[in-house]
Amino acid sequence: MLFSNHITELQEKSFVGLHRVKVLYLNNNLIKFLHPNVFQPLRKLSKLRLDWNDLLFLPQGCLDMIPRLSAVKLQENPWHCDCRMIYLARWLRSSASHAWNTELLCKTPEQLEGQSLSLLRFDSLCRGQWAAMVSLSPRLPIRKQRFHAPRTLFDVLRQHQLV
């Protein structure tokens, strides 16, 4: 039990050697960051609590690394509902039976505050954001520009016919 210990982040090797752990309570901490592979060693984990932390999003695929996960609690985090939350929104919809009280509410941005993450879709989460900022699946097509920026001062001067 690691709850209420003022933990702020979980690095990739935080749980190396703990392959027999079945229950992990990380609730009531100050966790803001999870490495995407942090749960990889926990192949037997069945119950996970991450509620009451400072998580803004979960890294892509981090819950998929726990094959035996049957219960997870994620409530009461200040979820920032943008493109980074697509993974968790999809995971919640496909794994709703695994979550205790799946009602995760967006804290920010203001236009999504109080809305349930499991009901939000790509258009709501990524509105106004550049798709290239995060790795998304599927990627949006990006129009290639035919503009070639000058590379040297000489090119700039030649472009403006000063040489």
# chains A, B, ... in the order shown; residues from 1 in each chain; ligands from 1
>>> residues_around(residues="stretch 106-116 of chain A", least_positions_apart="3", cutoff="8 Å", atoms="only C-alpha atoms", output="list in words")
Pro78, Trp79, His80, Cys81, Asp82, Glu103, Leu119 and Leu120 of chain A
>>> residues_around(residues="A:Lys44", least_positions_apart="5", cutoff="8 Å", atoms="only C-alpha atoms", output="ChimeraX atom specification")
/A:19-22,66-69
>>> residues_around(residues="A:Leu18", least_positions_apart="6", cutoff="10 Å", atoms="only C-alpha atoms", output="JSON, numbers by chain")
{"A": [41, 42, 43, 44, 45]}
>>> select_by_dssp(residues="stretch 15-73 of chain A", states="strand (DSSP E or B)", output="number ranges by chain")
A: 23-25, 33-34, 47-49, 71-73
>>> write_last_selection(atoms="all heavy atoms", output="CSV table (one decimal), in the first residue's frame")
chain,number,residue,atom,x,y,z
A,23,VAL,N,-2.4,-6.2,-6.0
A,23,VAL,CA,-3.2,-5.0,-5.6
A,23,VAL,C,-2.2,-3.9,-5.3
A,23,VAL,O,-1.3,-4.0,-4.6
A,23,VAL,CB,-4.1,-5.3,-4.3
A,23,VAL,CG1,-4.8,-4.1,-3.9
A,23,VAL,CG2,-5.0,-6.5,-4.6
A,24,LEU,N,-2.5,-2.7,-5.9
A,24,LEU,CA,-1.7,-1.6,-5.8
A,24,LEU,C,-2.5,-0.3,-5.5
A,24,LEU,O,-3.3,0.1,-6.4
A,24,LEU,CB,-0.8,-1.4,-7.0
A,24,LEU,CG,0.2,-0.2,-7.0
A,24,LEU,CD1,1.2,-0.4,-5.8
A,24,LEU,CD2,1.0,-0.2,-8.3
A,25,TYR,N,-2.4,0.2,-4.3
A,25,TYR,CA,-3.1,1.5,-4.0
A,25,TYR,C,-2.2,2.6,-4.0
A,25,TYR,O,-1.3,2.7,-3.1
A,25,TYR,CB,-3.7,1.3,-2.6
A,25,TYR,CG,-5.0,0.4,-2.5
A,25,TYR,CD1,-5.4,-0.2,-3.6
A,25,TYR,CD2,-5.6,0.2,-1.3
A,25,TYR,CE1,-6.5,-1.1,-3.5
A,25,TYR,CE2,-6.7,-0.6,-1.2
A,25,TYR,CZ,-7.2,-1.2,-2.3
A,25,TYR,OH,-8.3,-2.0,-2.3
A,33,PHE,N,2.8,12.6,-12.8
A,33,PHE,CA,3.4,12.0,-14.0
A,33,PHE,C,3.5,10.5,-13.8
A,33,PHE,O,4.0,10.0,-12.8
A,33,PHE,CB,4.8,12.6,-14.2
A,33,PHE,CG,5.6,11.9,-15.3
A,33,PHE,CD1,5.4,12.2,-16.6
A,33,PHE,CD2,6.6,11.0,-14.9
A,33,PHE,CE1,6.1,11.5,-17.6
A,33,PHE,CE2,7.3,10.3,-15.9
A,33,PHE,CZ,7.0,10.6,-17.3
A,34,LEU,N,3.1,9.8,-14.8
A,34,LEU,CA,3.4,8.3,-14.9
A,34,LEU,C,4.2,8.0,-16.2
A,34,LEU,O,3.8,8.5,-17.3
A,34,LEU,CB,2.0,7.6,-15.1
A,34,LEU,CG,1.0,7.6,-14.0
A,34,LEU,CD1,-0.2,6.8,-14.4
A,34,LEU,CD2,1.6,7.0,-12.7
A,47,LYS,N,-5.9,-5.1,-9.3
A,47,LYS,CA,-6.6,-4.0,-8.7
A,47,LYS,C,-5.6,-2.8,-8.6
A,47,LYS,O,-4.6,-2.9,-8.0
A,47,LYS,CB,-7.2,-4.3,-7.4
A,47,LYS,CG,-8.1,-3.2,-6.8
A,47,LYS,CD,-8.6,-3.6,-5.4
A,47,LYS,CE,-9.9,-4.4,-5.5
A,47,LYS,NZ,-10.6,-4.6,-4.2
A,48,LEU,N,-6.0,-1.6,-9.1
A,48,LEU,CA,-5.2,-0.5,-9.1
A,48,LEU,C,-6.0,0.8,-8.7
A,48,LEU,O,-7.1,1.0,-9.3
A,48,LEU,CB,-4.6,-0.2,-10.5
A,48,LEU,CG,-3.8,1.0,-10.7
A,48,LEU,CD1,-2.5,1.1,-9.9
A,48,LEU,CD2,-3.4,1.2,-12.2
A,49,ARG,N,-5.5,1.5,-7.8
A,49,ARG,CA,-6.1,2.8,-7.4
A,49,ARG,C,-5.2,4.0,-7.7
A,49,ARG,O,-4.1,4.0,-7.2
A,49,ARG,CB,-6.5,2.8,-5.9
A,49,ARG,CG,-7.7,1.9,-5.7
A,49,ARG,CD,-8.3,2.1,-4.3
A,49,ARG,NE,-8.8,3.5,-4.1
A,49,ARG,CZ,-9.3,3.9,-2.9
A,49,ARG,NH1,-9.4,3.1,-1.9
A,49,ARG,NH2,-9.7,5.2,-2.8
A,71,ALA,N,-9.9,-4.2,-12.0
A,71,ALA,CA,-10.5,-3.1,-11.3
A,71,ALA,C,-9.5,-1.9,-11.2
A,71,ALA,O,-8.4,-2.1,-10.7
A,71,ALA,CB,-11.0,-3.5,-9.9
A,72,VAL,N,-10.0,-0.7,-11.6
A,72,VAL,CA,-9.1,0.5,-11.5
A,72,VAL,C,-10.0,1.6,-11.1
A,72,VAL,O,-11.2,1.7,-11.5
A,72,VAL,CB,-8.4,0.7,-12.8
A,72,VAL,CG1,-9.4,1.0,-13.9
A,72,VAL,CG2,-7.4,1.9,-12.7
A,73,LYS,N,-9.4,2.5,-10.2
A,73,LYS,CA,-10.2,3.6,-9.7
A,73,LYS,C,-9.3,4.9,-10.1
A,73,LYS,O,-8.2,5.0,-9.7
A,73,LYS,CB,-10.4,3.5,-8.2
A,73,LYS,CG,-11.4,4.5,-7.7
A,73,LYS,CD,-11.9,4.2,-6.3
A,73,LYS,CE,-13.0,5.1,-5.9
A,73,LYS,NZ,-13.6,4.8,-4.7
>>> select_by_dssp(residues="stretch 40-136 of chain A", states="alpha helix (DSSP H)", output="ChimeraX atom specification")
/A:86-94,122-125
>>> closest_residue(among="A:Trp91, A:Asp64, A:Lys32, A:Leu50", to="A:Phe3", atoms="only C-alpha atoms")
A:Leu50
>>> closest_residue(among="A:Ser95, A:Leu10, A:Ala89, A:Ser4", to="A:Trp52", atoms="only C-alpha atoms")
A:Ser4
